[in-house]
$ cat model25.txt   # compact mmCIF, C-alpha atoms and all ligand atoms
# COMPACT_ATOMS: atom_id res chain seq x y z
CA MET A 1 8.90 12.74 -31.84
CA ALA A 2 10.71 13.53 -35.08
CA MET A 3 8.55 14.39 -38.07
CA ASN A 4 10.30 11.93 -40.34
CA GLN A 5 9.82 8.83 -38.22
CA PRO A 6 9.80 5.91 -40.67
CA LYS A 7 7.30 3.15 -40.13
CA HIS A 8 9.88 0.62 -39.02
CA ALA A 9 10.83 2.72 -35.96
CA PRO A 10 8.66 1.95 -32.95
CA THR A 11 6.54 4.68 -31.40
CA THR A 12 8.06 5.52 -28.04
CA GLN A 13 8.03 8.19 -25.39
CA PHE A 14 11.79 8.66 -25.83
CA SER A 15 13.08 11.38 -28.08
CA VAL A 16 15.59 11.02 -30.91
CA GLN A 17 18.47 13.36 -31.81
CA ASP A 18 20.63 12.90 -34.90
CA HIS A 19 19.26 9.35 -35.33
CA CYS A 20 20.24 8.47 -31.76
CA LEU A 21 17.79 7.62 -29.00
CA VAL A 22 17.96 10.01 -26.02
CA VAL A 23 17.49 8.67 -22.49
CA GLY A 24 17.18 11.09 -19.59
CA GLY A 25 18.65 13.83 -21.77
CA ILE A 26 21.71 11.74 -22.77
CA PRO A 27 22.28 10.28 -26.25
CA LEU A 28 22.34 6.49 -26.01
CA THR A 29 25.86 6.13 -27.45
CA ARG A 30 27.21 8.44 -24.75
CA LEU A 31 25.11 6.76 -22.06
CA ALA A 32 26.62 3.41 -23.09
CA GLN A 33 30.08 4.93 -22.56
CA ARG A 34 29.01 6.34 -19.22
CA VAL A 35 27.67 2.98 -18.06
CA GLY A 36 30.96 1.47 -19.23
CA SER A 37 29.69 -1.84 -20.53
CA THR A 38 26.80 -3.44 -22.35
CA PRO A 39 24.24 -4.91 -21.92
CA PHE A 40 22.38 -2.64 -19.50
CA TYR A 41 18.91 -1.53 -18.51
CA ALA A 42 18.20 2.21 -18.45
CA TYR A 43 15.16 3.79 -16.82
CA ASP A 44 14.14 7.39 -17.46
CA ARG A 45 13.17 9.14 -14.23
CA GLN A 46 11.30 11.97 -16.02
CA LEU A 47 9.11 9.44 -17.82
CA ILE A 48 8.33 7.67 -14.53
CA SER A 49 7.40 11.00 -12.92
CA ALA A 50 5.27 11.95 -15.94
CA ARG A 51 3.39 8.66 -15.66
CA ILE A 52 2.59 9.32 -12.00
CA ARG A 53 1.40 12.85 -12.87
CA SER A 54 -0.88 11.42 -15.54
CA LEU A 55 -2.32 8.86 -13.08
CA ARG A 56 -2.93 11.58 -10.48
CA GLN A 57 -4.62 13.71 -13.10
CA HIS A 58 -6.99 11.00 -14.34
CA LEU A 59 -7.77 8.91 -11.27
CA PRO A 60 -10.19 10.03 -8.54
CA ALA A 61 -8.58 12.51 -6.15
CA GLY A 62 -9.14 10.45 -2.98
CA LEU A 63 -7.83 7.19 -4.44
CA LEU A 64 -4.47 6.16 -2.94
CA LEU A 65 -1.81 5.10 -5.44
CA HIS A 66 0.58 2.29 -4.55
CA TYR A 67 3.60 0.99 -6.47
CA ALA A 68 3.87 -2.83 -6.66
CA MET A 69 7.65 -3.02 -6.63
CA LYS A 70 8.09 -6.54 -7.98
CA ALA A 71 7.66 -4.93 -11.43
CA ASN A 72 10.98 -3.13 -10.91
CA PRO A 73 12.70 -3.41 -7.54
CA MET A 74 15.86 -1.44 -8.44
CA SER A 75 16.54 0.55 -5.27
CA ALA A 76 17.00 3.88 -7.10
CA VAL A 77 13.65 3.39 -8.85
CA VAL A 78 11.90 2.54 -5.58
CA GLN A 79 13.57 5.54 -3.93
CA HIS A 80 12.37 7.82 -6.73
CA LEU A 81 8.83 6.46 -6.57
CA ALA A 82 8.71 6.54 -2.76
CA GLY A 83 8.38 10.31 -2.97
CA LEU A 84 5.65 10.18 -5.62
CA VAL A 85 3.21 7.46 -4.54
CA ASP A 86 1.18 6.85 -1.36
CA GLY A 87 2.56 3.41 -0.61
CA ILE A 88 4.72 0.53 -1.77
CA ASP A 89 3.51 -3.06 -2.12
CA VAL A 90 6.18 -5.67 -1.54
CA ALA A 91 6.16 -9.42 -2.17
CA SER A 92 9.09 -10.64 -0.03
CA ALA A 93 11.14 -9.64 2.99
CA GLY A 94 13.91 -8.67 0.54
CA GLU A 95 11.59 -6.19 -1.17
CA MET A 96 10.43 -4.97 2.23
CA LYS A 97 14.04 -4.07 3.04
CA VAL A 98 14.37 -2.04 -0.18
CA ALA A 99 11.13 -0.14 0.60
CA LEU A 100 12.18 0.55 4.21
CA ASP A 101 15.65 1.65 3.08
CA ALA A 102 13.95 4.05 0.64
CA GLY A 103 12.39 5.76 3.64
CA VAL A 104 8.80 4.59 3.14
CA THR A 105 6.77 4.72 6.39
CA PRO A 106 5.94 1.16 7.53
CA ASP A 107 2.21 2.06 7.61
CA ASN A 108 2.44 2.64 3.87
CA ILE A 109 4.11 -0.67 3.02
CA SER A 110 2.00 -3.78 2.45
CA PHE A 111 3.28 -7.30 1.99
CA ALA A 112 1.36 -9.74 -0.24
CA GLY A 113 2.19 -13.16 -1.62
CA PRO A 114 1.60 -16.82 -0.79
CA GLY A 115 4.07 -18.87 1.22
CA LYS A 116 5.48 -16.17 3.47
CA SER A 117 7.93 -17.93 5.76
CA ARG A 118 7.73 -17.67 9.53
CA GLN A 119 10.91 -15.63 9.45
CA GLU A 120 9.57 -13.23 6.81
CA LEU A 121 6.40 -12.77 8.85
CA ALA A 122 8.45 -12.11 11.99
CA CYS A 123 10.48 -9.44 10.11
CA ALA A 124 7.30 -7.84 8.76
CA ILE A 125 5.68 -7.77 12.21
CA ALA A 126 8.78 -6.21 13.76
CA ALA A 127 8.90 -3.64 10.94
CA GLY A 128 5.26 -2.73 11.54
CA ILE A 129 4.15 -3.03 7.92
CA VAL A 130 0.75 -4.26 6.76
CA ILE A 131 0.67 -8.00 6.08
CA ASN A 132 -1.85 -9.16 3.48
CA ILE A 133 -2.98 -12.52 4.82
CA GLU A 134 -3.20 -15.16 2.10
CA SER A 135 -4.52 -18.11 4.14
CA GLU A 136 -5.98 -19.14 7.49
CA TYR A 137 -2.66 -20.88 8.24
CA GLU A 138 -0.78 -17.63 7.74
CA LEU A 139 -3.21 -15.84 10.07
CA GLU A 140 -2.59 -18.35 12.86
CA THR A 141 1.20 -18.08 12.39
CA ILE A 142 0.94 -14.29 12.67
CA ALA A 143 -1.16 -14.61 15.83
CA GLN A 144 1.42 -16.97 17.34
CA LEU A 145 4.28 -14.60 16.51
CA ALA A 146 2.29 -11.71 18.01
CA GLY A 147 1.96 -13.68 21.24
CA GLU A 148 5.70 -14.43 21.31
CA THR A 149 6.86 -10.88 20.59
CA GLY A 150 4.18 -8.68 22.13
CA PHE A 151 4.01 -6.65 18.91
CA HIS A 152 0.65 -5.78 17.35
CA PRO A 153 0.62 -7.05 13.77
CA ARG A 154 -1.23 -4.97 11.22
CA VAL A 155 -3.11 -7.17 8.78
CA ALA A 156 -5.27 -7.00 5.69
CA VAL A 157 -7.17 -9.92 4.19
CA ARG A 158 -6.32 -10.81 0.62
CA VAL A 159 -9.54 -11.98 -0.97
CA ASN A 160 -9.73 -14.47 -3.82
CA PRO A 161 -12.80 -13.02 -5.53
CA ASP A 162 -15.67 -15.05 -6.94
CA PHE A 163 -15.12 -13.49 -10.39
CA GLU A 164 -12.25 -13.23 -12.87
CA LEU A 165 -10.72 -10.21 -14.58
CA LYS A 166 -11.71 -10.72 -18.23
CA SER A 167 -9.10 -10.25 -21.00
CA SER A 168 -6.34 -10.11 -18.48
CA GLY A 169 -2.84 -11.22 -19.53
CA MET A 170 -2.38 -13.04 -16.24
CA LYS A 171 -5.32 -14.05 -14.05
CA MET A 172 -4.63 -13.89 -10.34
CA GLY A 173 -8.09 -14.19 -8.85
CA GLY A 174 -11.33 -16.13 -9.31
CA GLY A 175 -11.83 -19.89 -9.26
CA SER A 176 -9.29 -21.96 -7.32
CA LYS A 177 -6.11 -20.00 -6.66
CA GLN A 178 -3.04 -20.11 -4.44
CA PHE A 179 -3.59 -16.40 -3.80
CA GLY A 180 -5.80 -15.00 -1.08
CA ILE A 181 -8.69 -16.43 0.89
CA ASP A 182 -11.80 -17.49 -1.02
CA ALA A 183 -14.39 -14.71 -0.69
CA GLU A 184 -16.94 -17.03 0.95
CA CYS A 185 -14.45 -17.86 3.76
CA VAL A 186 -13.52 -14.24 4.47
CA PRO A 187 -16.35 -13.48 6.98
CA ALA A 188 -15.07 -16.21 9.32
CA VAL A 189 -11.50 -14.94 8.92
CA LEU A 190 -12.62 -11.40 9.82
CA ARG A 191 -14.29 -12.75 12.98
CA ARG A 192 -11.10 -14.60 13.87
CA ILE A 193 -9.05 -11.41 13.39
CA ALA A 194 -11.41 -9.61 15.78
CA GLN A 195 -11.10 -12.43 18.30
CA LEU A 196 -7.28 -12.34 18.07
CA GLN A 197 -7.39 -8.53 18.45
CA LEU A 198 -5.10 -7.97 15.49
CA ASP A 199 -4.99 -4.50 13.95
CA LEU A 200 -7.17 -4.76 10.83
CA GLU A 201 -6.13 -2.53 7.92
CA GLY A 202 -8.74 -3.78 5.46
CA LEU A 203 -9.03 -5.86 2.32
CA HIS A 204 -6.88 -6.58 -0.69
CA ILE A 205 -8.57 -7.78 -3.88
CA PHE A 206 -6.24 -8.25 -6.86
CA SER A 207 -7.68 -10.08 -9.82
CA GLY A 208 -5.17 -9.83 -12.66
CA SER A 209 -2.50 -8.12 -14.67
CA GLN A 210 -1.78 -6.55 -18.11
CA ASN A 211 -5.31 -5.60 -19.16
CA LEU A 212 -5.80 -3.16 -22.04
CA ARG A 213 -9.60 -3.36 -22.26
CA VAL A 214 -11.43 -0.52 -20.56
CA GLU A 215 -14.75 -2.37 -20.29
CA ALA A 216 -13.13 -5.40 -18.63
CA ILE A 217 -11.28 -3.17 -16.17
CA GLN A 218 -14.44 -1.25 -15.37
CA GLU A 219 -16.36 -4.45 -14.75
CA ALA A 220 -13.60 -5.71 -12.45
CA HIS A 221 -13.55 -2.42 -10.53
CA GLU A 222 -17.31 -2.53 -10.13
CA LYS A 223 -17.37 -6.11 -8.87
CA THR A 224 -14.32 -5.55 -6.68
CA LEU A 225 -15.88 -2.53 -4.98
CA GLN A 226 -19.15 -4.41 -4.52
CA LEU A 227 -17.43 -7.38 -2.92
CA GLY A 228 -15.16 -5.17 -0.81
CA LEU A 229 -17.99 -3.06 0.56
CA GLN A 230 -20.15 -6.07 1.25
CA LEU A 231 -17.35 -7.72 3.26
CA ALA A 232 -16.61 -4.42 5.03
CA SER A 233 -20.25 -4.09 6.05
CA ILE A 234 -20.23 -7.42 7.90
CA SER A 235 -16.76 -7.03 9.45
CA PRO A 236 -16.79 -6.93 13.25
CA VAL A 237 -13.84 -4.48 13.08
CA PRO A 238 -13.98 -1.34 10.91
CA MET A 239 -11.69 -1.19 7.91
CA ARG A 240 -9.37 1.63 6.93
CA THR A 241 -8.61 0.69 3.34
CA ILE A 242 -9.83 -1.51 0.53
CA ASN A 243 -7.13 -2.22 -2.06
CA ILE A 244 -8.89 -2.80 -5.38
CA GLY A 245 -5.82 -4.15 -7.22
CA GLY A 246 -4.57 -2.80 -10.51
CA GLY A 247 -4.04 -4.70 -13.71
CA LEU A 248 -3.66 -1.70 -16.04
CA GLY A 249 -1.77 -2.87 -19.12
CA ILE A 250 0.66 -1.30 -21.58
CA PRO A 251 0.92 -1.93 -25.32
CA TYR A 252 3.71 -4.34 -26.27
CA PHE A 253 2.81 -5.79 -29.63
CA PRO A 254 1.68 -4.54 -33.06
CA GLY A 255 -2.01 -3.65 -33.00
CA GLU A 256 -2.13 -3.04 -29.25
CA LYS A 257 -3.23 0.48 -28.29
CA PRO A 258 -2.36 2.35 -25.11
CA LEU A 259 -4.99 2.06 -22.39
CA ASP A 260 -7.60 4.81 -22.32
CA LEU A 261 -6.71 6.02 -18.81
CA ASN A 262 -9.16 8.90 -19.02
CA THR A 263 -12.14 6.55 -19.36
CA VAL A 264 -10.81 4.24 -16.63
CA GLY A 265 -10.56 7.30 -14.37
CA VAL A 266 -14.02 8.66 -15.23
CA ASN A 267 -15.58 5.24 -14.56
CA LEU A 268 -13.81 4.93 -11.22
CA LYS A 269 -14.87 8.43 -10.18
CA GLN A 270 -18.50 7.52 -10.89
CA LEU A 271 -18.21 4.24 -8.99
CA LEU A 272 -16.58 5.85 -5.96
CA ALA A 273 -19.00 8.79 -5.95
CA GLY A 274 -21.87 6.31 -5.87
CA ILE A 275 -20.70 4.47 -2.77
CA SER A 276 -18.82 6.92 -0.58
CA PRO A 277 -21.78 8.26 1.45
CA SER A 278 -22.51 4.84 2.97
CA SER A 279 -18.87 4.16 3.97
CA PRO A 280 -17.26 7.54 4.59
CA ASP A 281 -14.24 6.24 6.46
CA VAL A 282 -12.97 3.58 4.07
CA ARG A 283 -10.27 4.72 1.65
CA PHE A 284 -9.53 2.95 -1.59
CA VAL A 285 -6.15 1.97 -2.97
CA ILE A 286 -5.05 1.07 -6.48
CA GLU A 287 -1.76 -0.81 -6.85
CA LEU A 288 0.19 -0.65 -10.08
CA GLY A 289 3.54 -2.05 -11.14
CA ARG A 290 3.92 -2.44 -14.88
CA TYR A 291 1.82 0.59 -15.80
CA ILE A 292 4.10 2.90 -13.79
CA VAL A 293 7.52 1.73 -14.95
CA ALA A 294 7.36 -0.50 -18.04
CA GLU A 295 7.35 2.19 -20.72
CA ALA A 296 10.08 4.21 -19.00
CA GLY A 297 12.68 1.47 -19.40
CA ILE A 298 14.83 0.06 -22.17
CA TYR A 299 17.23 -2.86 -22.43
CA VAL A 300 20.38 -2.19 -24.45
CA CYS A 301 22.82 -4.71 -25.89
CA ARG A 302 25.51 -4.54 -28.55
CA VAL A 303 25.75 -6.30 -31.91
CA LEU A 304 28.81 -8.58 -31.78
CA GLU A 305 28.45 -10.17 -35.16
CA LYS A 306 26.27 -10.13 -38.23
CA LYS A 307 25.71 -13.57 -39.64
CA LEU A 308 23.96 -14.76 -42.78
CA SER A 309 22.41 -18.23 -42.71
CA ARG A 310 20.68 -19.39 -45.90
CA GLY A 311 19.47 -15.92 -46.66
CA GLN A 312 18.41 -14.94 -43.14
CA ILE A 313 20.29 -12.21 -41.26
CA PHE A 314 21.13 -12.79 -37.61
CA LEU A 315 22.39 -9.97 -35.41
CA ILE A 316 24.26 -11.83 -32.69
CA THR A 317 24.41 -9.70 -29.55
CA ASN A 318 25.89 -9.83 -26.08
CA GLY A 319 22.39 -9.69 -24.57
CA GLY A 320 19.68 -12.29 -24.45
CA LEU A 321 16.99 -14.16 -22.59
CA HIS A 322 19.21 -14.53 -19.53
CA HIS A 323 18.77 -10.76 -19.01
CA HIS A 324 15.36 -10.27 -20.59
CA LEU A 325 13.26 -13.38 -20.47
CA ALA A 326 10.01 -11.56 -21.30
CA ALA A 327 11.34 -10.18 -24.61
CA SER A 328 12.27 -13.72 -25.65
CA GLY A 329 8.60 -14.67 -25.22
CA ASN A 330 9.17 -17.10 -22.39
CA PHE A 331 7.63 -15.19 -19.46
CA GLY A 332 4.01 -16.24 -19.61
CA GLN A 333 3.31 -15.54 -23.29
CA VAL A 334 1.34 -18.18 -25.18
CA ILE A 335 2.43 -17.14 -28.67
CA ARG A 336 5.82 -15.46 -29.13
CA LYS A 337 5.58 -11.92 -30.47
CA ASN A 338 8.32 -9.35 -30.96
CA TYR A 339 8.71 -6.60 -28.40
CA PRO A 340 9.32 -3.19 -30.01
CA VAL A 341 13.01 -3.24 -31.01
CA ALA A 342 15.23 -0.68 -32.75
CA ILE A 343 18.86 0.07 -33.53
CA GLY A 344 19.33 2.79 -30.92
CA ASN A 345 22.13 4.66 -32.68
CA LYS A 346 20.44 4.44 -36.11
CA MET A 347 16.88 5.30 -35.22
CA TYR A 348 15.42 7.03 -38.22
CA ILE A 349 17.61 5.99 -41.13
CA ASP A 350 16.11 4.82 -44.41
CA GLU A 351 18.20 1.72 -45.15
CA THR A 352 16.49 -1.20 -43.47
CA GLU A 353 16.72 -4.96 -43.57
CA ILE A 354 14.83 -7.92 -42.14
CA ALA A 355 16.93 -9.33 -39.31
CA SER A 356 16.64 -11.55 -36.27
CA VAL A 357 18.26 -10.45 -33.03
CA VAL A 358 19.67 -13.29 -30.96
CA GLY A 359 21.81 -13.68 -27.85
CA PRO A 360 24.90 -15.71 -27.01
CA LEU A 361 23.14 -18.63 -25.34
CA CYS A 362 23.22 -22.12 -26.85
CA THR A 363 19.46 -22.41 -27.21
CA PRO A 364 17.07 -21.36 -29.99
CA LEU A 365 14.90 -19.79 -27.27
CA ASP A 366 17.49 -17.02 -27.03
CA LEU A 367 15.66 -14.86 -29.53
CA LEU A 368 15.05 -11.13 -28.90
CA ALA A 369 13.55 -10.24 -32.29
CA ASP A 370 12.29 -12.64 -34.93
CA ARG A 371 12.67 -11.40 -38.53
CA MET A 372 11.88 -7.74 -37.87
CA GLU A 373 12.37 -4.78 -40.14
CA LEU A 374 15.24 -2.87 -38.53
CA SER A 375 17.67 -0.15 -39.60
CA ARG A 376 20.65 -1.79 -41.30
CA ALA A 377 22.98 -2.76 -38.46
CA GLU A 378 26.68 -3.63 -38.11
CA PRO A 379 28.82 -4.99 -35.27
CA GLY A 380 29.14 -2.32 -32.57
CA ASP A 381 25.61 -0.95 -33.04
CA LEU A 382 23.28 -0.76 -30.05
CA ILE A 383 20.10 -2.83 -30.01
CA VAL A 384 17.30 -1.32 -27.92
CA ILE A 385 14.31 -3.23 -26.61
CA PHE A 386 11.53 -0.89 -25.51
CA GLN A 387 8.78 -1.45 -22.90
CA SER A 388 11.42 -3.05 -20.67
CA GLY A 389 11.06 -1.15 -17.41
CA ALA A 390 8.93 -3.86 -15.77
CA TYR A 391 9.52 -7.59 -15.32
CA GLY A 392 12.91 -7.29 -16.98
CA LEU A 393 16.13 -8.04 -15.14
CA THR A 394 14.69 -9.52 -11.96
CA ALA A 395 12.28 -11.69 -13.94
CA SER A 396 15.15 -13.28 -15.90
CA PRO A 397 17.41 -16.32 -15.30
CA THR A 398 20.68 -14.35 -15.04
CA SER A 399 22.79 -17.35 -14.03
CA PHE A 400 21.85 -19.42 -17.07
CA LEU A 401 25.15 -20.05 -18.93
CA GLY A 402 27.16 -17.92 -16.52
CA HIS A 403 27.49 -14.66 -18.46
CA PRO A 404 28.00 -11.47 -16.44
CA ALA A 405 24.87 -9.73 -15.20
CA PRO A 406 23.86 -6.47 -16.90
CA LEU A 407 24.00 -3.14 -15.08
CA GLU A 408 20.99 -0.95 -14.39
CA VAL A 409 20.88 2.84 -14.42
CA LEU A 410 18.18 5.35 -13.56
CA VAL A 411 18.87 8.42 -15.69
C1 LIG B 1 2.28 -8.34 -9.38
C2 LIG B 1 1.28 -7.68 -8.55
C3 LIG B 1 0.88 -6.37 -8.85
C4 LIG B 1 1.40 -5.60 -10.02
O1 LIG B 1 0.86 -6.02 -11.22
P1 LIG B 1 1.17 -5.18 -12.54
O2 LIG B 1 0.55 -5.93 -13.63
O3 LIG B 1 2.67 -5.08 -12.66
O4 LIG B 1 0.58 -3.82 -12.34
C5 LIG B 1 -0.05 -5.78 -8.02
N1 LIG B 1 -0.54 -6.43 -6.94
C6 LIG B 1 -0.18 -7.70 -6.63
C7 LIG B 1 -0.77 -8.36 -5.47
C8 LIG B 1 0.74 -8.36 -7.42
O5 LIG B 1 1.09 -9.61 -7.13
$ encode --input "model25.txt" --output "structure tokens"
Amino acid sequence: MAMNQPKHAPTTQFSVQDHCLVVGGIPLTRLAQRVGSTPFYAYDRQLISARIRSLRQHLPAGLLLHYAMKANPMSAVVQHLAGLVDGIDVASAGEMKVALDAGVTPDNISFAGPGKSRQELACAIAAGIVINIESEYELETIAQLAGETGFHPRVAVRVNPDFELKSSGMKMGGGSKQFGIDAECVPAVLRRIAQLQLDLEGLHIFSGSQNLRVEAIQEAHEKTLQLGLQLASISPVPMRTINIGGGLGIPYFPGEKPLDLNTVGVNLKQLLAGISPSSPDVRFVIELGRYIVAEAGIYVCRVLEKKLSRGQIFLITNGGLHHHLAASGNFGQVIRKNYPVAIGNKMYIDETEIASVVGPLCTPLDLLADRMELSRAEPGDLIVIFQSGAYGLTASPTSFLGHPAPLEVLV
């Protein structure tokens, strides 16, 4: 980090040289030439590796670390992470293919998500990966397919817990949900799995996403472990793993602070130390998407035109919500807030102005920054949106208005 970082430049893990952002050791202006066109997404492999090292350092030693690849399914990213984590969690047969192509052992791939088609289930059974069962109906379909093929499906039960993850950006457990099997119905499902002689991997309990509050995460971990161990104790078949979900958040908006990973790790160590003697054979898994990749990625687009409308400056770019829906505020946010944005080739200059960054789509929703203080920009300059390594390109409506899709590079 440069000493003279002005307050309008966002705090990032990327370094800056001669006012230019550096990604994977390459100045952004040169990287843009190397990529050959804008807009593009760039992910920094060193930053991803550093994040994994930090997780390994802070989390309990025996805890298995999985990457939930829907956060960023770029094959090069998955390939890179395949060598660093203990498993990959996929949410479709398409993602399963990427994980298998990356060389991940089928035992270390698990497949969650409601509405798996019969064909997807058949592919997953043939591949030999772990299928997280989301309903009784899905269980019976798997049993039928096992009978037809003679393969032995490996299954885990996704549990819809009887509690919610507090302060979570997106709740995915507790109450009535399309995800998982309600906790109170799980004992019967475990008996049915035993009766069908399916290979039981264990449980999967995922309660939510994007949480920055240590106390809420700790409470969820405590309740999740309690529920998991209680269900394991009554299971007619022993369990190998209990996946306790993830939900670790990253700071996006002004006032948000990075998660205190050290405290999360210390709490988890205490919780696991307290229970391991009674269940020595069960291993625990944490599954993270956003926390692993989000801060290692940027979205880059170019200023096409600078327009003044009744005193307000608009930087009109070739990028927009069709590539980066989340930065436009339309991917689950209740109130639109600006992602951290900067002029990537004018990082730490003193002349600033209040400008809005918009895209080329004919809708006012195509807004990437709303009246932000930015370095003074001109056509040709590179706009950078930080915290874009997760839920970026593949979470965006790329066909909307028919512009070309952006490229992605792992540097
Ligand atoms: C989406 C998802 C994740 C990843 O969530 P992040 O907030 O990106 O860490 C993990 N597990 C399951 C089951 C998911 O659906």
$ residues_around --input "model25.txt" --residues "Arg30 in chain A" --least-positions-apart "6" --cutoff "12 Å" --atoms "only C-alpha atoms" --output "ChimeraX atom specification"
/A:20-24,36-37,344-345,382
$ write_last_selection --input "model25.txt" --atoms "C-alpha atoms" --output "PDB file, keeping the file's coordinate frame"
ATOM      1  CA  CYS A  20      20.240   8.470 -31.760  1.00  0.00           C
ATOM      2  CA  LEU A  21      17.790   7.620 -29.000  1.00  0.00           C
ATOM      3  CA  VAL A  22      17.960  10.010 -26.020  1.00  0.00           C
ATOM      4  CA  VAL A  23      17.490   8.670 -22.490  1.00  0.00           C
ATOM      5  CA  GLY A  24      17.180  11.090 -19.590  1.00  0.00           C
ATOM      6  CA  GLY A  36      30.960   1.470 -19.230  1.00  0.00           C
ATOM      7  CA  SER A  37      29.690  -1.840 -20.530  1.00  0.00           C
ATOM      8  CA  GLY A 344      19.330   2.790 -30.920  1.00  0.00           C
ATOM      9  CA  ASN A 345      22.130   4.660 -32.680  1.00  0.00           C
ATOM     10  CA  LEU A 382      23.280  -0.760 -30.050  1.00  0.00           C
TER      11      LEU A 382
END
$ residues_near_ligand --input "model25.txt" --ligand "ligand LIG 1 (chain B)" --cutoff "10 Å" --atoms "all atoms listed in the file" --output "PyMOL selection string"
chain A and resi 66-72+89-91+110-114+132+158+168-170+172-173+179-180+204-211+243-250+286-294+390-391
$ residues_around --input "model25.txt" --residues "Val358 in chain A" --least-positions-apart "5" --cutoff "10 Å" --atoms "only C-alpha atoms" --output "NGL selection string"
:A and (303 or 314-321 or 328 or 363-370)
$ residues_around --input "model25.txt" --residues "Gly255 in chain A" --least-positions-apart "4" --cutoff "12 Å" --atoms "all atoms listed in the file" --output "PyMOL selection string"
chain A and resi 212+250-251+337-338+340
$ atom_distance --input "model25.txt" --atom1 "CA of Arg192 in chain A" --atom2 "CA of Gln144 in chain A"
13.2 Å
$ atom_distance --input "model25.txt" --atom1 "CA of Ile109 in chain A" --atom2 "CA of Gly265 in chain A"
24.1 Å
$ closest_residue --input "model25.txt" --among "A:Gln57, A:Ser15, A:Gln218, A:Ser388" --to "Thr263 in chain A" --atoms "all atoms listed in the file"
A:Gln218
$ closest_atom_pairs --input "model25.txt" --of "range 124-173 of chain A" --to "range 94-107 of chain A" --cutoff "9 Å" --atoms "only C-alpha atoms" --output "Markdown table"
| residue | atom | partner | partner_atom | distance |
| --- | --- | --- | --- | --- |
| A:Ala124 | CA | A:Met96 | CA | 7.8 |
| A:Ala127 | CA | A:Pro106 | CA | 6.6 |
| A:Gly128 | CA | A:Pro106 | CA | 5.6 |
| A:Ile129 | CA | A:Pro106 | CA | 4.6 |
| A:Val130 | CA | A:Asp107 | CA | 6.5 |
| A:Arg154 | CA | A:Asp107 | CA | 8.6 |
$ residues_around --input "model25.txt" --residues "Ala50 in chain A" --least-positions-apart "5" --cutoff "10 Å" --atoms "only C-alpha atoms" --output "PyMOL selection string"
chain A and resi 45+55-56+292+296
$ residues_around --input "model25.txt" --residues "Asp44 in chain A" --least-positions-apart "2" --cutoff "12 Å" --atoms "only C-alpha atoms" --output "compact mmCIF listing (two decimals) with C-alpha atoms, keeping the file's coordinate frame"
# COMPACT_ATOMS: atom_id res chain seq x y z
CA GLN A 13 8.03 8.19 -25.39
CA PHE A 14 11.79 8.66 -25.83
CA SER A 15 13.08 11.38 -28.08
CA VAL A 22 17.96 10.01 -26.02
CA VAL A 23 17.49 8.67 -22.49
CA GLY A 24 17.18 11.09 -19.59
CA GLY A 25 18.65 13.83 -21.77
CA ILE A 26 21.71 11.74 -22.77
CA LEU A 28 22.34 6.49 -26.01
CA LEU A 31 25.11 6.76 -22.06
CA TYR A 41 18.91 -1.53 -18.51
CA ALA A 42 18.20 2.21 -18.45
CA GLN A 46 11.30 11.97 -16.02
CA LEU A 47 9.11 9.44 -17.82
CA ILE A 48 8.33 7.67 -14.53
CA SER A 49 7.40 11.00 -12.92
CA ALA A 50 5.27 11.95 -15.94
CA ARG A 51 3.39 8.66 -15.66
CA ALA A 76 17.00 3.88 -7.10
CA VAL A 77 13.65 3.39 -8.85
CA HIS A 80 12.37 7.82 -6.73
CA ILE A 292 4.10 2.90 -13.79
CA VAL A 293 7.52 1.73 -14.95
CA ALA A 294 7.36 -0.50 -18.04
CA GLU A 295 7.35 2.19 -20.72
CA ALA A 296 10.08 4.21 -19.00
CA GLY A 297 12.68 1.47 -19.40
CA ILE A 298 14.83 0.06 -22.17
CA TYR A 299 17.23 -2.86 -22.43
CA PHE A 386 11.53 -0.89 -25.51
CA GLN A 387 8.78 -1.45 -22.90
CA SER A 388 11.42 -3.05 -20.67
CA GLY A 389 11.06 -1.15 -17.41
CA GLU A 408 20.99 -0.95 -14.39
CA VAL A 409 20.88 2.84 -14.42
CA LEU A 410 18.18 5.35 -13.56
CA VAL A 411 18.87 8.42 -15.69
$ atom_distance --input "model25.txt" --atom1 "CA of Gln178 in chain A" --atom2 "CA of Ser135 in chain A"
8.9 Å
$ closest_residue --input "model25.txt" --among "A:Arg310, A:Arg376, A:His323, A:Lys257" --to "Ile349 in chain A" --atoms "only C-alpha atoms"
A:Arg376
